[in-house]
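Text of query-v4.cif, listed as mmCIF, C-alpha atoms:
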```cif
data_model
#
loop_
_atom_site.label_atom_id
_atom_site.label_comp_id
_atom_site.auth_asym_id
_atom_site.auth_seq_id
_atom_site.Cartn_x
_atom_site.Cartn_y
_atom_site.Cartn_z
CA MET A 1 -36.04 37.40 -29.80
CA MET A 2 -36.56 35.59 -33.12
CA LYS A 3 -34.58 38.29 -34.94
CA LYS A 4 -31.63 37.54 -32.68
CA PHE A 5 -32.04 33.85 -33.40
CA VAL A 6 -32.02 34.38 -37.18
CA PHE A 7 -28.94 36.60 -36.83
CA ALA A 8 -27.21 33.82 -34.87
CA LEU A 9 -27.96 31.38 -37.71
CA ALA A 10 -26.36 33.67 -40.25
CA VAL A 11 -23.23 34.23 -38.17
CA LEU A 12 -22.69 30.52 -37.57
CA LEU A 13 -23.22 29.54 -41.21
CA MET A 14 -21.11 32.36 -42.69
CA PRO A 15 -17.80 30.38 -42.71
CA VAL A 16 -19.49 27.58 -44.68
CA LEU A 17 -21.17 29.88 -47.19
CA ALA A 18 -17.84 31.61 -47.80
CA HIS A 19 -16.53 28.38 -49.37
CA ALA A 20 -19.37 28.00 -51.84
CA GLN A 21 -17.01 28.75 -54.76
CA ALA A 22 -16.05 25.04 -54.84
CA SER A 23 -17.92 22.69 -57.17
CA THR A 24 -21.46 22.28 -55.87
CA ALA A 25 -23.51 19.12 -55.45
CA VAL A 26 -26.96 18.36 -54.04
CA ALA A 27 -27.82 15.15 -52.18
CA GLY A 28 -30.33 13.77 -49.67
CA ARG A 29 -30.44 11.95 -46.34
CA ALA A 30 -33.24 10.09 -44.55
CA SER A 31 -33.12 8.23 -41.25
CA VAL A 32 -35.31 6.25 -38.85
CA GLY A 33 -34.27 5.75 -35.25
CA VAL A 34 -35.31 4.58 -31.79
CA ASP A 35 -34.28 6.20 -28.52
CA TYR A 36 -34.93 4.12 -25.40
CA LYS A 37 -34.53 5.37 -21.82
CA ILE A 38 -32.90 2.53 -19.87
CA ALA A 39 -32.67 4.47 -16.62
CA LYS A 40 -32.55 8.09 -15.51
CA GLY A 41 -29.93 9.84 -17.65
CA PHE A 42 -29.01 6.63 -19.49
CA HIS A 43 -30.27 6.05 -23.06
CA ILE A 44 -29.64 3.62 -25.92
CA ASN A 45 -30.32 4.66 -29.52
CA VAL A 46 -30.40 2.72 -32.78
CA SER A 47 -30.86 4.26 -36.23
CA GLU A 48 -30.67 3.45 -39.92
CA GLU A 49 -29.74 6.19 -42.39
CA LEU A 50 -29.88 6.23 -46.18
CA ARG A 51 -27.75 8.76 -48.05
CA SER A 52 -28.10 9.44 -51.75
CA GLY A 53 -25.35 10.03 -54.24
CA ASP A 54 -24.77 13.53 -55.61
CA GLY A 55 -27.65 14.74 -57.71
CA PHE A 56 -29.85 11.97 -56.25
CA SER A 57 -28.40 9.82 -59.06
CA SER A 58 -27.96 6.67 -56.96
CA ILE A 59 -27.74 5.30 -53.45
CA GLY A 60 -24.76 6.78 -51.64
CA SER A 61 -24.55 4.62 -48.52
CA LEU A 62 -26.45 2.90 -45.74
CA ARG A 63 -25.38 3.65 -42.16
CA THR A 64 -26.42 1.66 -39.10
CA THR A 65 -25.72 3.32 -35.74
CA VAL A 66 -25.89 1.91 -32.22
CA GLY A 67 -25.09 4.32 -29.41
CA LEU A 68 -25.25 4.80 -25.64
CA SER A 69 -25.51 8.13 -23.85
CA TYR A 70 -25.26 9.08 -20.19
CA LYS A 71 -25.91 12.37 -18.36
CA PRO A 72 -23.84 12.44 -15.15
CA ILE A 73 -25.09 15.97 -14.45
CA LYS A 74 -27.82 18.18 -15.90
CA TYR A 75 -25.69 20.10 -18.40
CA LEU A 76 -23.31 17.37 -19.54
CA LYS A 77 -23.85 14.29 -21.72
CA LEU A 78 -21.34 11.56 -22.62
CA GLY A 79 -21.78 9.18 -25.53
CA VAL A 80 -20.17 6.14 -27.16
CA GLY A 81 -21.24 4.28 -30.26
CA TYR A 82 -20.60 2.23 -33.36
CA VAL A 83 -21.51 3.02 -36.98
CA ASN A 84 -21.49 0.47 -39.81
CA ILE A 85 -21.01 2.37 -43.09
CA ASN A 86 -21.95 0.53 -46.30
CA PRO A 87 -20.96 2.56 -49.39
CA TYR A 88 -22.84 1.82 -52.61
CA LYS A 89 -20.69 1.72 -55.74
CA VAL A 90 -21.96 2.00 -59.31
CA ASN A 91 -19.90 0.24 -62.02
CA LYS A 92 -16.87 -0.14 -59.77
CA GLU A 93 -13.94 -1.84 -61.53
CA ILE A 94 -12.54 -4.86 -59.70
CA THR A 95 -9.38 -6.69 -60.74
CA VAL A 96 -9.03 -10.28 -59.55
CA ASP A 97 -6.32 -12.58 -61.00
CA ASP A 98 -5.60 -10.01 -63.74
CA ASN A 99 -9.22 -10.02 -64.91
CA THR A 100 -11.09 -6.73 -64.60
CA THR A 101 -14.84 -6.79 -64.10
CA THR A 102 -17.40 -4.22 -63.00
CA TYR A 103 -19.51 -4.42 -59.87
CA THR A 104 -22.56 -2.49 -58.73
CA GLY A 105 -23.73 -2.71 -55.14
CA PHE A 106 -22.57 -2.32 -51.57
CA TRP A 107 -18.82 -2.63 -51.37
CA ASN A 108 -16.12 -2.58 -48.66
CA PRO A 109 -17.99 -1.52 -45.49
CA ARG A 110 -16.27 0.74 -42.96
CA HIS A 111 -16.50 0.43 -39.20
CA ARG A 112 -16.61 3.60 -37.11
CA PHE A 113 -16.32 3.92 -33.33
CA TYR A 114 -16.87 7.21 -31.51
CA PHE A 115 -16.80 8.91 -28.13
CA ASP A 116 -18.31 12.33 -27.54
CA ILE A 117 -18.78 14.96 -24.85
CA ASN A 118 -21.72 17.36 -25.07
CA GLY A 119 -22.07 20.35 -22.75
CA HIS A 120 -24.75 23.05 -22.82
CA VAL A 121 -26.22 26.00 -20.93
CA ASN A 122 -29.72 27.50 -21.02
CA LEU A 123 -30.05 31.23 -21.60
CA GLY A 124 -33.68 32.29 -21.58
CA ASP A 125 -35.42 30.58 -24.50
CA PHE A 126 -32.11 29.40 -25.97
CA GLN A 127 -29.92 26.41 -25.35
CA LEU A 128 -26.27 26.95 -26.35
CA GLY A 129 -23.80 24.09 -26.47
CA ILE A 130 -20.50 22.58 -27.54
CA LYS A 131 -20.00 19.00 -28.68
CA GLU A 132 -16.65 17.28 -29.20
CA ARG A 133 -16.48 13.87 -30.88
CA LEU A 134 -13.42 11.68 -31.39
CA GLN A 135 -13.96 8.97 -34.00
CA LEU A 136 -11.96 6.09 -35.46
CA THR A 137 -12.96 4.67 -38.86
CA HIS A 138 -11.56 1.30 -39.95
CA ARG A 139 -11.49 0.78 -43.72
CA THR A 140 -11.90 -2.72 -45.15
CA GLY A 141 -11.21 -4.27 -48.56
CA ASP A 142 -8.44 -3.76 -51.08
CA PHE A 143 -7.15 -0.19 -51.25
CA ASN A 144 -3.92 1.76 -51.62
CA VAL A 145 -2.61 2.30 -48.07
CA TYR A 146 -0.45 5.19 -49.31
CA GLN A 147 -3.56 7.05 -50.50
CA GLU A 148 -6.04 6.06 -47.78
CA THR A 149 -5.64 5.68 -44.02
CA PRO A 150 -6.63 2.18 -42.84
CA ASN A 151 -7.70 3.52 -39.43
CA ALA A 152 -8.65 7.17 -39.83
CA LEU A 153 -8.79 9.25 -36.66
CA ALA A 154 -10.79 12.48 -36.67
CA LEU A 155 -12.02 15.13 -34.24
CA LYS A 156 -15.38 16.84 -34.81
CA SER A 157 -15.96 20.12 -32.97
CA ARG A 158 -19.49 21.56 -32.97
CA VAL A 159 -21.15 24.66 -31.56
CA TYR A 160 -24.93 24.84 -31.62
CA ALA A 161 -27.93 26.89 -30.62
CA LYS A 162 -31.52 25.75 -30.13
CA TYR A 163 -34.64 27.89 -29.65
CA ARG A 164 -36.85 26.15 -27.07
CA ARG A 165 -39.75 28.50 -26.48
CA TRP A 166 -42.10 26.35 -28.58
CA LYS A 167 -42.15 22.85 -27.07
CA ALA A 168 -43.71 21.22 -30.13
CA PHE A 169 -41.33 22.85 -32.63
CA GLU A 170 -37.68 23.55 -31.77
CA PRO A 171 -35.52 25.15 -34.49
CA SER A 172 -31.76 24.88 -34.15
CA VAL A 173 -28.50 25.57 -35.95
CA TYR A 174 -24.98 24.23 -35.65
CA PHE A 175 -21.55 24.83 -37.12
CA GLU A 176 -18.97 22.04 -37.12
CA VAL A 177 -15.33 21.56 -38.09
CA ARG A 178 -13.90 18.09 -38.67
CA THR A 179 -10.13 17.66 -38.35
CA ALA A 180 -8.36 14.68 -39.88
CA LEU A 181 -5.67 13.67 -37.37
CA ASN A 182 -3.71 11.06 -39.32
CA GLY A 183 -3.90 11.55 -43.07
CA PRO A 184 -1.28 9.98 -45.41
CA TRP A 185 1.83 12.08 -46.01
CA GLY A 186 5.25 11.82 -47.67
CA SER A 187 7.98 13.54 -49.65
CA TYR A 188 9.11 13.26 -53.26
CA GLU A 189 12.11 14.15 -55.39
CA ALA A 190 13.77 13.74 -58.81
CA THR A 191 11.33 13.55 -61.70
CA ASN A 192 11.66 10.39 -63.79
CA ASP A 193 9.81 8.76 -66.64
CA ASP A 194 7.94 5.46 -66.40
CA ASP A 195 6.46 4.13 -69.66
CA GLY A 196 5.66 7.63 -70.79
CA LYS A 197 4.10 8.74 -67.50
CA SER A 198 5.88 11.33 -65.43
CA TYR A 199 6.37 10.62 -61.75
CA ASN A 200 8.57 11.46 -58.76
CA LYS A 201 10.37 9.17 -56.37
CA TYR A 202 8.18 8.96 -53.27
CA THR A 203 9.12 8.46 -49.63
CA PRO A 204 6.08 7.82 -47.38
CA ALA A 205 6.16 9.60 -44.02
CA GLY A 206 3.31 7.61 -42.49
CA TYR A 207 -0.05 8.95 -41.38
CA THR A 208 1.06 12.34 -40.10
CA HIS A 209 -1.07 14.85 -42.00
CA VAL A 210 -3.33 16.93 -39.72
CA TYR A 211 -5.80 19.29 -41.43
CA ASN A 212 -9.42 20.43 -41.46
CA ASN A 213 -11.30 18.52 -44.15
CA ARG A 214 -14.95 19.38 -43.32
CA TYR A 215 -16.77 22.62 -42.51
CA ARG A 216 -20.46 22.08 -41.87
CA GLY A 217 -23.43 24.25 -41.12
CA CYS A 218 -26.93 22.95 -40.51
CA ILE A 219 -30.40 24.44 -40.05
CA LYS A 220 -32.76 21.98 -38.39
CA ALA A 221 -36.11 21.75 -36.64
CA ASP A 222 -37.35 19.12 -34.19
CA TRP A 223 -41.10 18.68 -34.56
CA ASN A 224 -42.30 16.80 -31.48
CA ILE A 225 -45.50 14.98 -32.39
CA GLY A 226 -46.95 13.88 -29.10
CA LYS A 227 -44.80 12.22 -26.45
CA HIS A 228 -43.04 9.56 -28.53
CA HIS A 229 -42.54 10.85 -32.07
CA THR A 230 -40.08 13.42 -33.44
CA LEU A 231 -39.68 14.52 -37.06
CA ALA A 232 -36.55 16.49 -37.90
CA PRO A 233 -36.26 18.14 -41.33
CA PHE A 234 -32.91 19.83 -42.00
CA VAL A 235 -30.66 21.47 -44.57
CA LEU A 236 -26.96 20.62 -44.28
CA LEU A 237 -24.30 22.79 -45.92
CA ASP A 238 -21.12 20.75 -46.21
CA TYR A 239 -17.78 22.06 -47.50
CA CYS A 240 -15.40 19.13 -48.08
CA SER A 241 -11.68 19.62 -48.70
CA ASP A 242 -9.95 16.25 -48.91
CA TYR A 243 -6.22 15.94 -49.62
CA GLU A 244 -5.85 13.26 -52.28
CA ILE A 245 -2.47 11.65 -53.01
CA ASP A 246 -1.84 9.71 -56.23
CA THR A 247 0.84 7.03 -55.75
CA ASN A 248 1.41 3.46 -56.82
CA LYS A 249 0.46 0.65 -54.44
CA LYS A 250 4.10 0.09 -53.43
CA GLY A 251 4.40 3.67 -52.24
CA THR A 252 7.50 4.35 -54.36
CA LYS A 253 6.14 6.53 -57.17
CA PHE A 254 4.36 9.85 -56.72
CA PHE A 255 2.16 11.22 -59.53
CA GLY A 256 0.56 14.18 -57.78
CA ALA A 257 -1.49 15.45 -54.83
CA GLN A 258 -4.13 18.11 -54.40
CA TYR A 259 -6.98 19.29 -52.19
CA VAL A 260 -10.28 18.33 -53.82
CA ASP A 261 -13.00 20.79 -52.80
CA VAL A 262 -16.74 20.09 -52.99
CA PHE A 263 -19.59 22.18 -51.58
CA ARG A 264 -22.54 19.88 -50.95
CA VAL A 265 -26.10 20.80 -49.98
CA SER A 266 -27.98 17.89 -48.36
CA LEU A 267 -31.73 17.93 -47.80
CA GLY A 268 -32.71 15.58 -45.02
CA LEU A 269 -35.47 14.20 -42.84
CA GLY A 270 -35.12 12.16 -39.67
CA TYR A 271 -37.69 10.31 -37.57
CA THR A 272 -37.15 9.13 -33.98
CA PHE A 273 -39.40 7.07 -31.77
CA ASN A 274 -38.77 7.91 -28.12
CA PHE A 275 -39.85 5.67 -25.26
#
```

Kindly present the structure from the file in structure tokens form.
Amino acid sequence: MMKKFVFALAVLLMPVLAHAQASTAVAGRASVGVDYKIAKGFHINVSEELRSGDGFSSIGSLRTTVGLSYKPIKYLKLGVGYVNINPYKVNKEITVDDNTTTYTGFWNPRHRFYFDINGHVNLGDFQLGIKERLQLTHRTGDFNVYQETPNALALKSRVYAKYRRWKAFEPSVYFEVRTALNGPWGSYEATNDDDGKSYNKYTPAGYTHVYNNRYRGCIKADWNIGKHHTLAPFVLLDYCSDYEIDTNKKGTKFFGAQYVDVFRVSLGLGYTFNF
């Protein structure tokens, strides 16, 4: 049975590993959370997560999550929640009243709201499932609205498998695709010259770009220590392919656009107190 489980891991992670030719980075994640059972099938969870920058060179972000979940039937779970994302910037340049300074610290938090549906079936010692999450991320601060979406909408589709024969130690694997549903888009024409820099005339088309920008595979284990404590070490393989547009802030000049690919390996550990 374990051989079949290992084979399932390899099959699910194969699409992610196939993209490993992109530039590679290593980072870390650590989280602490509480899961409280309000009533039968109805839970509230709160967690705080710290993510490092690439190469563990700095803090990447702090993320505070508050969520509610409800199981209307045995094999179906619904969830809603809010995530406060605080990115940490190192030596970020800030221009105020034509004076440019540098800033290090948490900068321009983002606000994320999500709704998800999680369905699963039990097959012998395995639990197989599908999870769909729709999320909206509101960006704050001063940014180029022709390069970034103020309210980014995304769909995350996940398939997973968990081995449940050992109650105290439950290994699992998942594969996930994230689809950006409203990325910036536009058209350009007629190359010109602006103070020695080449550019094209740009016509924004709004937030109409739909594409897959994340492919993720994860190997994880839930170590249930007694009734209330769970430790969850994991390795996350994350292939990112973001479409980056370079325009001026008026959205009239186009300097270029490309998919920026990064393959990131994140080592993580989570702790949850259940009661």

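Reported to one decimal place, the separation of atom CA of Pro184 of chain A from atom CA of Tyr211 of chain A is 11.1 Å.
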
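For the set A:Gly105, A:Tyr199, A:Asn122, A:Thr191, the residue with the smallest atom-to-atom gap to Phe255 of chain A is A:Tyr199, counting all atoms listed in the file.
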
Original post:
If we count only C-alpha atoms, what is near Arg51 of chain A at a cut-off of 8 Å, once residues fewer than 2 positions away on the same chain are taken out, given as a ChimeraX atom specification?
Top reply: /A:27-30,49,53,59-62

Original post:
Could you write out as a list in words the residues that the PyMOL selection byres ((chain A and resi 128-143) around 6) matches in the shown file?
Top reply: Asn108, Arg110, His111, Arg112, Phe113, Tyr114, Phe115, Asp116, Ile117, Asn118, Gly119, His120, Val121, Gln127, Asn144, Pro150, Asn151, Ala152, Leu153, Ala154, Leu155, Lys156, Ser157, Arg158, Val159, Tyr160 and Ala161 of chain A

Original post:
Closest to Thr252 of chain A among A:Ala205, A:Leu267, A:Val46, A:Val177, using all atoms listed in the file?
Top reply: A:Ala205

Original post:
Contacts of segment 164-169 of chain A at 8 Å or less, counting only C-alpha atoms, minus same-chain residues fewer than 3 places along, as a list in words?
Top reply: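 My reading of the contact set: Asp125, Phe126, Gln127, Ala221, Asp222, Trp223, Asn224 and Ile225 of chain A.
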
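Counting from atom CA of Ala22 of chain A, the distance to atom CA of Ala180 of chain A is 19.8 Å.
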
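Taking atom CA of Asn45 of chain A and atom CA of Val83 of chain A as the two end points, the separation is 11.7 Å.
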
Got a sec to check which residues sit within 10 Å of (-28.7, 8.3, -19.6), counting all atoms listed in the file, and write them as a short mmCIF file (atom, residue, chain, number, x, y, z; two decimals) with C-alpha atoms, in the frame of the given file?
```cif
data_model
loop_
_atom_site.label_atom_id
_atom_site.label_comp_id
_atom_site.auth_asym_id
_atom_site.auth_seq_id
_atom_site.Cartn_x
_atom_site.Cartn_y
_atom_site.Cartn_z
CA TYR A 36 -34.93 4.12 -25.40
CA LYS A 37 -34.53 5.37 -21.82
CA ILE A 38 -32.90 2.53 -19.87
CA ALA A 39 -32.67 4.47 -16.62
CA LYS A 40 -32.55 8.09 -15.51
CA GLY A 41 -29.93 9.84 -17.65
CA PHE A 42 -29.01 6.63 -19.49
CA HIS A 43 -30.27 6.05 -23.06
CA ILE A 44 -29.64 3.62 -25.92
CA LEU A 68 -25.25 4.80 -25.64
CA SER A 69 -25.51 8.13 -23.85
CA TYR A 70 -25.26 9.08 -20.19
CA LYS A 71 -25.91 12.37 -18.36
CA PRO A 72 -23.84 12.44 -15.15
CA ILE A 73 -25.09 15.97 -14.45
CA LYS A 77 -23.85 14.29 -21.72
CA LEU A 78 -21.34 11.56 -22.62
CA GLY A 79 -21.78 9.18 -25.53
#
```

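Considering only C-alpha atoms, the residue among A:Tyr259, A:Trp185, A:Phe234, A:Tyr174 positioned nearest to Asn212 of chain A is A:Tyr259.
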
Subject >> Reference answer for the PyMOL selection byres ((chain A and resi 247) around 10), as an MDAnalysis selection string >> reply: chainID A and resid 144:147 199:202 204 244:246 248:257

**OP:** Write out as a PyMOL selection string each polymer residue whose atoms come within 9 Å of Thr272 of chain A, counting all atoms listed in the file; drop sequence neighbours fewer than 2 positions from it.
**Re:** chain A and resi 31-35+47+228-232+270+274

**OP:** Run through the PyMOL selection byres ((chain A and resi 237) around 8) on the given coordinates and return the selected residues as an MDAnalysis selection string.
**Re:** chainID A and resid 16:17 216:218 235:236 238:239 263:266
